[in-house]
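*Asks:* Supplied structure: entry-v9.pdb, PDB, C-alpha atoms.
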MODEL        1
ATOM      1  CA  MET A 615       0.000   0.000   0.000
ATOM      2  CA  SER A 616       2.950   2.356   0.045
ATOM      3  CA  GLY A 617       2.961   4.933  -2.698
ATOM      4  CA  ILE A 618      -0.782   5.489  -2.490
ATOM      5  CA  SER A 619      -1.687   9.026  -1.564
ATOM      6  CA  VAL A 620      -4.970   9.999  -0.047
ATOM      7  CA  LYS A 621      -6.329  13.431  -0.788
ATOM      8  CA  ILE A 622      -8.704  14.854   1.777
ATOM      9  CA  VAL A 623     -10.943  17.515   0.312
ATOM     10  CA  ARG A 624     -12.829  19.869   2.590
ATOM     11  CA  PRO A 625     -15.915  21.499   1.217
ATOM     12  CA  CYS A 626     -15.258  25.154   0.609
ATOM     13  CA  THR A 627     -18.475  26.447   2.050
ATOM     14  CA  PRO A 628     -19.734  24.317   4.903
ATOM     15  CA  PHE A 629     -23.322  24.937   5.756
ATOM     16  CA  LEU A 630     -23.944  26.862   8.929
ATOM     17  CA  SER A 631     -24.329  23.784  11.049
ATOM     18  CA  THR A 632     -25.906  23.007  14.385
ATOM     19  CA  ARG A 633     -22.624  23.069  16.257
ATOM     20  CA  VAL A 634     -22.346  24.126  19.875
ATOM     21  CA  MET A 635     -23.704  27.601  20.492
ATOM     22  CA  THR A 636     -21.022  30.249  20.888
ATOM     23  CA  MET A 637     -20.820  33.931  21.621
ATOM     24  CA  GLY A 638     -18.978  34.710  18.428
ATOM     25  CA  THR A 639     -18.555  37.624  16.104
ATOM     26  CA  LEU A 640     -20.380  37.489  12.798
ATOM     27  CA  GLY A 641     -18.482  39.034   9.900
ATOM     28  CA  ILE A 642     -20.471  39.933   6.806
ATOM     29  CA  SER A 643     -19.280  41.094   3.420
ATOM     30  CA  THR A 644     -21.903  41.635   0.786
ATOM     31  CA  ASN A 645     -22.894  43.265  -2.419
ATOM     32  CA  THR A 646     -26.151  42.897  -4.306
ATOM     33  CA  ARG A 647     -25.049  39.494  -5.648
ATOM     34  CA  LEU A 648     -22.780  37.778  -3.090
ATOM     35  CA  LEU A 649     -23.019  37.400   0.675
ATOM     36  CA  GLY A 650     -20.014  36.167   2.649
ATOM     37  CA  LEU A 651     -20.504  35.107   6.282
ATOM     38  CA  ALA A 652     -17.939  34.110   8.904
ATOM     39  CA  ILE A 653     -18.252  33.392  12.606
ATOM     40  CA  ILE A 654     -15.161  33.761  14.751
ATOM     41  CA  TYR A 655     -14.904  32.986  18.425
ATOM     42  CA  ARG A 656     -11.678  33.335  20.404
ATOM     43  CA  ASP A 657      -9.564  33.511  17.241
ATOM     44  CA  ASN A 658     -11.106  30.310  15.861
ATOM     45  CA  LEU A 659     -13.040  30.235  12.625
ATOM     46  CA  ILE A 660     -16.210  28.494  13.763
ATOM     47  CA  ASP A 661     -18.123  28.552  10.488
ATOM     48  CA  TYR A 662     -18.176  30.275   7.108
ATOM     49  CA  LYS A 663     -20.398  30.400   4.053
ATOM     50  CA  ILE A 664     -20.879  32.182   0.761
ATOM     51  CA  HIS A 665     -24.323  32.770  -0.747
ATOM     52  CA  LEU A 666     -24.931  33.663  -4.384
ATOM     53  CA  HIS A 667     -28.103  35.611  -5.165
ATOM     54  CA  LYS A 668     -28.408  35.592  -8.960
ATOM     55  CA  SER A 669     -31.676  37.417  -9.422
ATOM     56  CA  PRO A 670     -31.679  41.026 -10.644
ATOM     57  CA  TRP A 671     -31.732  43.746  -8.013
ATOM     58  CA  SER A 672     -35.025  44.712  -6.415
ATOM     59  CA  PRO A 673     -35.933  45.794  -2.886
ATOM     60  CA  SER A 674     -37.360  42.325  -2.286
ATOM     61  CA  LYS A 675     -33.923  40.869  -3.031
ATOM     62  CA  ALA A 676     -32.610  42.672   0.063
ATOM     63  CA  TYR A 677     -35.104  40.717   2.126
ATOM     64  CA  LYS A 678     -34.017  37.458   0.469
ATOM     65  CA  ILE A 679     -30.485  38.291   1.583
ATOM     66  CA  ILE A 680     -31.736  38.960   5.119
ATOM     67  CA  THR A 681     -33.543  35.622   5.032
ATOM     68  CA  SER A 682     -30.235  33.912   4.217
ATOM     69  CA  LEU A 683     -28.830  35.385   7.468
ATOM     70  CA  GLU A 684     -31.564  33.745   9.544
ATOM     71  CA  PRO A 685     -29.950  30.280   9.961
ATOM     72  CA  CYS A 686     -26.783  31.878  11.266
ATOM     73  CA  VAL A 687     -28.596  34.072  13.760
ATOM     74  CA  ARG A 688     -30.783  31.161  14.895
ATOM     75  CA  ARG A 689     -27.968  28.663  15.407
ATOM     76  CA  TYR A 690     -25.317  30.856  17.010
ATOM     77  CA  SER A 691     -25.400  33.264  19.881
ATOM     78  CA  ILE A 692     -23.868  36.192  18.024
ATOM     79  CA  ARG A 693     -22.191  38.731  20.295
ATOM     80  CA  ASN A 694     -21.772  41.379  17.603
ATOM     81  CA  VAL A 695     -21.893  41.892  13.853
ATOM     82  CA  ILE A 696     -19.354  43.624  11.647
ATOM     83  CA  LEU A 697     -20.237  44.454   8.062
ATOM     84  CA  SER A 698     -17.466  45.150   5.582
ATOM     85  CA  ILE A 699     -18.503  48.079   3.422
ATOM     86  CA  PRO A 700     -16.829  49.340   0.252
ATOM     87  CA  TYR A 701     -15.327  52.763  -0.249
ATOM     88  CA  GLU A 702     -17.946  55.460  -0.795
ATOM     89  CA  HIS A 703     -17.125  55.821  -4.507
ATOM     90  CA  HIS A 704     -17.810  52.076  -4.972
ATOM     91  CA  THR A 705     -21.182  52.238  -3.233
ATOM     92  CA  THR A 706     -24.380  52.205  -5.260
ATOM     93  CA  LYS A 707     -27.807  53.235  -4.054
ATOM     94  CA  GLU A 708     -28.765  49.546  -4.066
ATOM     95  CA  SER A 709     -25.874  48.559  -1.806
ATOM     96  CA  LYS A 710     -26.635  51.491   0.526
ATOM     97  CA  TYR A 711     -30.211  50.244   0.761
ATOM     98  CA  LEU A 712     -28.997  46.702   1.472
ATOM     99  CA  ILE A 713     -26.651  47.952   4.213
ATOM    100  CA  SER A 714     -29.505  49.873   5.848
ATOM    101  CA  VAL A 715     -31.764  46.798   5.761
ATOM    102  CA  ILE A 716     -29.043  44.613   7.313
ATOM    103  CA  LYS A 717     -28.396  47.225  10.001
ATOM    104  CA  LYS A 718     -32.114  47.475  10.811
ATOM    105  CA  TYR A 719     -32.390  43.675  11.009
ATOM    106  CA  PHE A 720     -29.669  43.394  13.660
ATOM    107  CA  GLU A 721     -30.893  46.438  15.574
ATOM    108  CA  GLU A 722     -34.323  44.792  15.856
ATOM    109  CA  LYS A 723     -32.618  41.709  17.306
ATOM    110  CA  ASN A 724     -30.606  43.901  19.744
ATOM    111  CA  ILE A 725     -27.304  42.640  18.363
ATOM    112  CA  PRO A 726     -24.562  45.307  18.239
ATOM    113  CA  PHE A 727     -23.800  46.237  14.631
ATOM    114  CA  LYS A 728     -20.744  48.009  13.215
ATOM    115  CA  THR A 729     -19.376  48.698   9.772
ATOM    116  CA  ALA A 730     -15.754  48.428   8.693
ATOM    117  CA  GLN A 731     -14.118  50.351   5.860
ATOM    118  CA  PRO A 732     -11.532  48.555   3.672
ATOM    119  CA  GLU A 733      -8.618  50.364   5.343
ATOM    120  CA  THR A 734      -9.443  48.651   8.656
ATOM    121  CA  LEU A 735      -8.190  45.425   7.062
ATOM    122  CA  PHE A 736      -4.700  46.832   6.394
ATOM    123  CA  SER A 737      -3.346  45.356   9.639
ATOM    124  CA  LEU A 738      -3.958  41.860   8.247
ATOM    125  CA  TYR A 739      -1.576  42.363   5.333
ATOM    126  CA  PRO A 740       2.030  41.214   5.665
ATOM    127  CA  GLU A 741       4.450  44.032   6.467
ATOM    128  CA  GLY A 742       5.649  45.887   3.385
ATOM    129  CA  GLN A 743       3.390  43.999   0.975
ATOM    130  CA  LYS A 744       1.081  45.671  -1.500
ATOM    131  CA  LYS A 745      -2.506  45.828  -0.244
ATOM    132  CA  THR A 746      -4.247  43.519  -2.718
ATOM    133  CA  LYS A 747      -7.168  41.191  -2.189
ATOM    134  CA  LYS A 748      -4.932  38.263  -3.133
ATOM    135  CA  ALA A 749      -2.495  39.215  -0.357
ATOM    136  CA  LEU A 750      -5.391  39.473   2.108
ATOM    137  CA  MET A 751      -6.667  36.028   1.125
ATOM    138  CA  LYS A 752      -3.186  34.520   1.482
ATOM    139  CA  SER A 753      -2.702  36.116   4.907
ATOM    140  CA  LEU A 754      -6.071  34.804   6.118
ATOM    141  CA  THR A 755      -5.322  31.337   4.735
ATOM    142  CA  GLU A 756      -2.131  31.261   6.791
ATOM    143  CA  LYS A 757      -4.102  32.228   9.905
ATOM    144  CA  PHE A 758      -7.028  29.881   9.144
ATOM    145  CA  PRO A 759      -5.727  26.845   7.194
ATOM    146  CA  GLU A 760      -9.284  25.559   6.673
ATOM    147  CA  LEU A 761      -9.657  28.329   4.060
ATOM    148  CA  ARG A 762      -6.898  26.889   1.832
ATOM    149  CA  TYR A 763      -9.377  25.069  -0.401
ATOM    150  CA  CYS A 764     -11.327  28.295  -1.004
ATOM    151  CA  TYR A 765      -8.102  30.226  -1.581
ATOM    152  CA  ASN A 766      -6.846  27.778  -4.206
ATOM    153  CA  LYS A 767     -10.229  27.672  -5.874
ATOM    154  CA  GLU A 768     -10.423  31.486  -6.005
ATOM    155  CA  LEU A 769      -6.994  31.676  -7.640
ATOM    156  CA  ARG A 770      -8.291  29.435 -10.431
ATOM    157  CA  ASN A 771     -11.503  31.431 -10.935
ATOM    158  CA  LYS A 772     -11.698  33.922 -13.770
ATOM    159  CA  LYS A 773     -14.280  35.984 -11.895
ATOM    160  CA  ARG A 774     -14.099  36.707  -8.186
ATOM    161  CA  TYR A 775     -16.409  34.570  -6.129
ATOM    162  CA  TYR A 776     -14.880  33.773  -2.735
ATOM    163  CA  ILE A 777     -13.480  37.237  -2.024
ATOM    164  CA  LYS A 778     -16.614  38.194  -0.072
ATOM    165  CA  LEU A 779     -16.060  35.146   2.131
ATOM    166  CA  PHE A 780     -12.480  36.235   2.850
ATOM    167  CA  GLU A 781     -13.590  39.802   3.577
ATOM    168  CA  ALA A 782     -16.163  38.475   6.052
ATOM    169  CA  VAL A 783     -13.485  36.392   7.783
ATOM    170  CA  ALA A 784     -11.191  39.436   7.862
ATOM    171  CA  VAL A 785     -13.643  41.819   9.524
ATOM    172  CA  ALA A 786     -14.770  39.181  12.034
ATOM    173  CA  SER A 787     -11.177  38.333  12.974
ATOM    174  CA  LEU A 788     -10.308  41.988  13.545
ATOM    175  CA  LYS A 789     -13.178  42.507  15.948
ATOM    176  CA  GLU A 790     -12.871  39.236  17.821
TER     177      GLU A 790
ENDMDL
END
Would you kindly transcribe this structure into structure tokens?
*Replies:*
Amino acid sequence: MSGISVKIVRPCTPFLSTRVMTMGTLGISTNTRLLGLAIIYRDNLIDYKIHLHKSPWSPSKAYKIITSLEPCVRRYSIRNVILSIPYEHHTTKESKYLISVIKKYFEEKNIPFKTAQPETLFSLYPEGQKKTKKALMKSLTEKFPELRYCYNKELRNKKRYYIKLFEAVAVASLKE
């Protein structure tokens, strides 16, 4: 049996499972198409997920995105929520509306809610390295090895898909 290699493949986006309840930080990174979620507790990545919402933008789509947050809020005792928001010049009226709906949702649940600008993630980049999303993903993969599969998959993608997941992990890890 020597010479046989076994490759263990982890799914890139585990479902938000019914693991033990924690008092973690929920990191969210979203646009009108993708929603990245990450839960971090005591510097451990508890769970993570990426949702794709393909339908065209409409106000009802914002509520579909909120509905996709429900399993996370139900299954985990979230201590606080941090939403990664883009620079002002990258923000559309649709994304501003979505941010306001997400904020209102967590305020109604009495869960502290904060936003994080992209420059708050600069501390996660290696010293002296250019501040690119690829560098951020690599840095987070070194901190959380369970993200390696997603990192490798994103490097092969022609269009960005997992970046919202990595941004969610980044903002949650900064606040935890």
*Asks:* Enter the distance from atom CA of A:Arg647 to atom CA of A:Lys767, in Å, rounded to one decimal.
*Replies:*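 Going from atom CA of A:Arg647 over to atom CA of A:Lys767, I get 19.0 Å.
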*Asks:* Report, in Å to a single decimal, how far apart atom CA of A:His665 and atom CA of A:Lys747 are.
*Replies:* 19.2 Å
*Asks:* Quick one: residues within 6 Å of stretch 650-664 of chain A, all atoms listed in the file counted, chain neighbours fewer than 4 positions away excluded, as a count of residues only?
*Replies:* 11
*Asks:* Between atom CA of A:Ser698 and atom CA of A:Leu754, what is the spacing in Å?
*Replies:*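 Going from atom CA of A:Leu754 over to atom CA of A:Ser698 covers 15.4 Å.
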*Asks:* Between A:Lys678, A:Arg688, A:Lys752, A:Lys718, which has the minimum distance to A:Asn766 (counting all atoms listed in the file)?
*Replies:*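 For A:Asn766, the nearest of the candidates is A:Lys752.
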